[in-house]
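Q: Handing you this structure, nothing more for now.
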Amino acid sequence: MRILLFMLTGPRQRFLLESLLLVLLWGCVDPVDLPIRQTERRLVVEGLVTDEAPPYIIKLTYSGNLNRSLLIPDELAINGAVATLEDNLGNQATLEQDPLNPAFYWMRDARLQGVIGRAYTLRVQLPDGSRYVSRPEVLAPVPPIEELYAEYHESDPNLLAFNSFLVRIDTRDPPEAGNFYRWQAMSYMPVWGGSNDPQGFYNRSLSAGQGAYAPFYGPLTNVISDQLINGNRLVGQLVLNAPLVALGTQYVEVRQYSLSRAAYQYWVLYQEQLSRTGTIFDPQPASIEGNVRAEADTNKLALGYFGASAVSRRRMIIETDTINYARFVSRFGPLLFSNANPEVPGLAREQAQAAPPTKWLTYGQ
């Protein structure tokens with residue numbers, strides 16, 4: 001089964017965008033809770049300037065155990081920092097701290113909207129007076145996502161694994177060598193609560209269950225270089241494996257980012273560390289340091305990465321009306337309802353909402 005694409009472009013209204021940005025930043029970007037050998041806590045920087053209109057979010061925390069909650073623990077949030085963003089033309093803006101989420105700092109100045117070819121630098125002064133600065137990041141162009149589509153994948157019936165939609169993209173790499181890419185993808189998908197499906201099919205003796213929509217986030221380490229594809233078309237790049245934990249419409253967004261060589265190397269190292277341990281919460285053999293360092297001691301590096309990227313976005317809607325409801329519930333009901341909330345990595349049930357997203361394909365137009 002192959003589901004064709006739909007496209008989203010256009011400006012966003014500030015309030016709705018900022019609310020969505022907080023969710024997407026904390027969801028699509030897994031918490032950079034990078035275990036380290038040192039017991040001393042470290043500055044962790046997460047943020048990105050893009051060629052899309054501001055606002056941009058920079059997240060400043062101390063190293064420690066994080067989860068997907070939008071509210072960072074008080075002991076980890078850096079409250080009262082002074083953060084500034086500047087470009088190589090001398091434009092500069094001070095970021096505004098979020099009053100409800102003090103670890104988040106907003107850049108709203110339109111003069112600092114990312115421009116291809118310009119270099120961007122982040123400066124941070126912590127409450128104790130120590131200063132950090134990032135290496136300049138040059139914003140590289142990114143080709144458009146040419147096609148976005150999904151394939152229905154049925155899992156091995158002998159395994160306790162959900163069927164899924166494999167979301168793929170096609171794009172074309174420019175003829176110049178030295179291009180690097182990263183993809184982030186997410187889906188608002190239906191989830192069923194309680195001990196029964198919404199039609200009451202699984203257990204006729206129980207009342208029907210409740211349905212909702214929760215975001216599912218793909219990994220943030222989906223990166224490649226153009227070493228093997230330079231100047232050619234990239235076809236069928238897998239960007240999301242979205243499980244079917246319930247039947248109903250899925251709302252998918254994919255973002256394709258350009259990367260600098262340094263950013264690519266950082267994300268490759270990040271992925272290598274994850275693959276050694278399985279999760280970012282397990283002990284790792286070494287800390288992953290990024291491109292932000294102390295001004296007074298350049299050997300003292302922060303964790304995380306401050307980047308600059310061009311973005312190509314596409315959205316699509318996936319329908320499941322061709323999947324047999326009774327057969328789905330019969331096969332996956334024991335997995336879904338013997339445990340009210342089966343563990344699905346990437347599924348943020350705590351961010352569930354009663355209704356599906358509105359204007360998914362026309363939002364901002």
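Identifiers for the structure tokens are assigned positionally: chains receive A, B, ... in sequence, residues are indexed from 1 per chain, and ligands are indexed from 1 in the order shown.
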Using DSSP on the backbone, list every residue of range 69-288 of chain A that comes out as alpha helix (DSSP H), and give them as an NGL selection string.
A: :A and (261-277)
Q: What are the closest atom pairs, with distances in Å to one decimal, for each residue of range 246-357 of chain A lying within 12 Å of range 41-65 of chain A, using only C-alpha atoms, rows by chain and rising residue number, as a tab-separated table?
A:
```
residue	atom	partner	partner_atom	distance
A:Arg255	CA	A:Thr50	CA	11.5
A:Gln256	CA	A:Thr50	CA	11.3
A:Tyr257	CA	A:Thr50	CA	8.7
A:Ser258	CA	A:Thr50	CA	9.4
A:Leu259	CA	A:Leu48	CA	10.8
A:Ala263	CA	A:Leu48	CA	11.1
A:Ile280	CA	A:Asn65	CA	9.6
A:Phe281	CA	A:Asn65	CA	7.3
A:Asp282	CA	A:Asn65	CA	10.2
A:Pro283	CA	A:Asn65	CA	11.3
A:Ser287	CA	A:Arg42	CA	10.1
A:Ile288	CA	A:Val44	CA	10.3
A:Glu289	CA	A:Val44	CA	9.1
A:Gly290	CA	A:Val45	CA	8.6
A:Asn291	CA	A:Val45	CA	9.4
A:Val292	CA	A:Val45	CA	7.7
A:Arg293	CA	A:Leu43	CA	9.4
A:Ala294	CA	A:Leu43	CA	9.9
A:Lys300	CA	A:Arg42	CA	9.5
A:Leu301	CA	A:Leu43	CA	8.3
A:Ala302	CA	A:Leu43	CA	5.0
A:Leu303	CA	A:Val44	CA	4.6
A:Gly304	CA	A:Val45	CA	4.9
A:Tyr305	CA	A:Glu46	CA	5.6
A:Phe306	CA	A:Gly47	CA	5.1
A:Gly307	CA	A:Leu48	CA	4.7
A:Ala308	CA	A:Val49	CA	4.6
A:Ser309	CA	A:Thr50	CA	4.9
A:Ala310	CA	A:Asp51	CA	5.1
A:Val311	CA	A:Thr50	CA	6.6
A:Ser312	CA	A:Glu52	CA	9.4
A:Arg313	CA	A:Glu52	CA	10.3
```
Q: Taking N, CA, C and O atoms for each residue, export the selection above as a short mmCIF file (atom, residue, chain, number, x, y, z; two decimals), in the first residue's frame.
A:
```cif
data_model
loop_
_atom_site.label_atom_id
_atom_site.label_comp_id
_atom_site.auth_asym_id
_atom_site.auth_seq_id
_atom_site.Cartn_x
_atom_site.Cartn_y
_atom_site.Cartn_z
N ARG A 255 10.49 16.76 8.40
CA ARG A 255 11.37 17.91 8.18
C ARG A 255 12.74 17.42 7.74
O ARG A 255 13.32 16.54 8.38
N GLN A 256 13.22 17.99 6.67
CA GLN A 256 14.54 17.65 6.13
C GLN A 256 15.46 18.84 6.37
O GLN A 256 15.20 19.95 5.89
N TYR A 257 16.56 18.61 7.10
CA TYR A 257 17.47 19.67 7.48
C TYR A 257 18.81 19.52 6.75
O TYR A 257 19.28 18.40 6.52
N SER A 258 19.42 20.65 6.45
CA SER A 258 20.84 20.64 6.06
C SER A 258 21.69 20.64 7.33
O SER A 258 21.26 21.13 8.38
N LEU A 259 22.88 20.09 7.22
CA LEU A 259 23.81 20.06 8.35
C LEU A 259 25.18 20.56 7.90
O LEU A 259 25.58 20.34 6.75
N ALA A 263 28.23 19.39 12.51
CA ALA A 263 26.96 18.92 13.06
C ALA A 263 26.71 17.47 12.67
O ALA A 263 26.24 16.67 13.48
N ILE A 280 19.32 6.46 25.71
CA ILE A 280 20.14 7.57 26.16
C ILE A 280 20.16 7.66 27.68
O ILE A 280 20.89 8.48 28.23
N PHE A 281 19.37 6.83 28.36
CA PHE A 281 19.33 6.89 29.82
C PHE A 281 20.29 5.88 30.46
O PHE A 281 20.49 5.89 31.66
N ASP A 282 20.87 5.00 29.64
CA ASP A 282 21.81 4.04 30.16
C ASP A 282 23.21 4.66 30.24
O ASP A 282 23.52 5.59 29.51
N PRO A 283 24.06 4.14 31.11
CA PRO A 283 25.43 4.66 31.18
C PRO A 283 26.14 4.52 29.84
O PRO A 283 26.01 3.51 29.17
N SER A 287 31.24 11.21 27.40
CA SER A 287 30.31 12.29 27.14
C SER A 287 30.41 12.72 25.68
O SER A 287 31.43 12.53 25.02
N ILE A 288 29.32 13.28 25.15
CA ILE A 288 29.30 13.75 23.78
C ILE A 288 29.28 15.27 23.82
O ILE A 288 28.28 15.89 24.17
N GLU A 289 30.40 15.85 23.48
CA GLU A 289 30.52 17.30 23.56
C GLU A 289 30.25 17.90 22.19
O GLU A 289 30.56 17.32 21.15
N GLY A 290 29.66 19.10 22.20
CA GLY A 290 29.26 19.73 20.96
C GLY A 290 30.16 20.89 20.57
O GLY A 290 31.37 20.84 20.73
N ASN A 291 29.54 21.96 20.10
CA ASN A 291 30.28 23.09 19.54
C ASN A 291 30.21 24.33 20.43
O ASN A 291 30.46 25.43 19.97
N VAL A 292 29.81 24.16 21.71
CA VAL A 292 29.73 25.28 22.63
C VAL A 292 30.78 25.09 23.71
O VAL A 292 30.88 24.02 24.32
N ARG A 293 31.60 26.12 23.96
CA ARG A 293 32.68 26.00 24.93
C ARG A 293 32.78 27.25 25.78
O ARG A 293 32.27 28.32 25.42
N ALA A 294 33.43 27.13 26.93
CA ALA A 294 33.61 28.26 27.84
C ALA A 294 34.59 29.26 27.22
O ALA A 294 35.59 28.87 26.62
N LYS A 300 36.92 23.53 28.10
CA LYS A 300 35.71 23.20 28.85
C LYS A 300 34.52 23.32 27.91
O LYS A 300 34.10 24.42 27.55
N LEU A 301 34.00 22.18 27.50
CA LEU A 301 32.93 22.15 26.51
C LEU A 301 31.59 21.81 27.16
O LEU A 301 31.52 21.06 28.12
N ALA A 302 30.55 22.40 26.58
CA ALA A 302 29.19 22.04 26.97
C ALA A 302 28.77 20.79 26.21
O ALA A 302 29.42 20.36 25.25
N LEU A 303 27.68 20.19 26.64
CA LEU A 303 27.07 19.09 25.91
C LEU A 303 26.00 19.66 24.98
O LEU A 303 25.58 20.80 25.09
N GLY A 304 25.53 18.82 24.06
CA GLY A 304 24.53 19.28 23.12
C GLY A 304 25.15 20.02 21.96
O GLY A 304 26.38 20.06 21.79
N TYR A 305 24.29 20.62 21.11
CA TYR A 305 24.77 21.26 19.90
C TYR A 305 23.87 22.43 19.53
O TYR A 305 22.64 22.33 19.60
N PHE A 306 24.50 23.54 19.14
CA PHE A 306 23.77 24.67 18.56
C PHE A 306 24.01 24.65 17.06
O PHE A 306 25.16 24.68 16.60
N GLY A 307 22.92 24.59 16.28
CA GLY A 307 23.07 24.43 14.84
C GLY A 307 22.35 25.49 14.04
O GLY A 307 21.58 26.31 14.57
N ALA A 308 22.62 25.46 12.74
CA ALA A 308 21.94 26.33 11.77
C ALA A 308 21.61 25.48 10.56
O ALA A 308 22.50 24.81 10.01
N SER A 309 20.36 25.46 10.15
CA SER A 309 19.93 24.56 9.08
C SER A 309 18.85 25.21 8.23
O SER A 309 17.99 25.93 8.75
N ALA A 310 18.89 24.92 6.96
CA ALA A 310 17.73 25.16 6.10
C ALA A 310 16.77 23.99 6.27
O ALA A 310 17.18 22.88 6.66
N VAL A 311 15.49 24.22 6.03
CA VAL A 311 14.47 23.20 6.29
C VAL A 311 13.55 23.06 5.08
O VAL A 311 13.14 24.05 4.48
N SER A 312 13.23 21.82 4.75
CA SER A 312 12.14 21.51 3.83
C SER A 312 11.13 20.67 4.59
O SER A 312 11.50 19.65 5.18
N ARG A 313 9.87 21.09 4.58
CA ARG A 313 8.81 20.39 5.33
C ARG A 313 7.77 19.85 4.36
O ARG A 313 7.42 20.48 3.38
#
```
Q: Of the residues A:Leu166, A:Leu269, A:Val329, A:Leu89, which is the one nearest to Arg111 in chain A, using only C-alpha atoms?
A: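 Of A:Leu166, A:Leu269, A:Val329, A:Leu89, the one nearest Arg111 in chain A, counting only C-alpha atoms, is A:Leu89.
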Q: Run DSSP on the backbone and tell me which residues of range 46-214 of chain A come out as strand (DSSP E); list them as a VMD selection string.
A: chain A and resid 46 to 50 56 to 62 82 to 87 92 to 94 96 to 97 104 to 107 119 to 125 131 to 134 137 to 138 147 to 153 164 to 172 180 to 193 210 to 214
Q: If we count only C-alpha atoms and set the cut-off at 9 Å, which residues sit around Pro102 in chain A, ignoring sequence neighbours fewer than 6 positions away in its own chain? Please answer as a PyMOL selection string.
A: chain A and resi 59-60+71-72+74+77-80
Q: Let me make sure I understand: among A:Gln351, A:Ser134, A:Gln199, A:Gln237, which one has the smallest atom-to-atom distance to Trp183 in chain A if we use only C-alpha atoms?
A: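 Going through A:Gln351, A:Ser134, A:Gln199, A:Gln237 one by one, the smallest distance to Trp183 in chain A is for A:Gln237.
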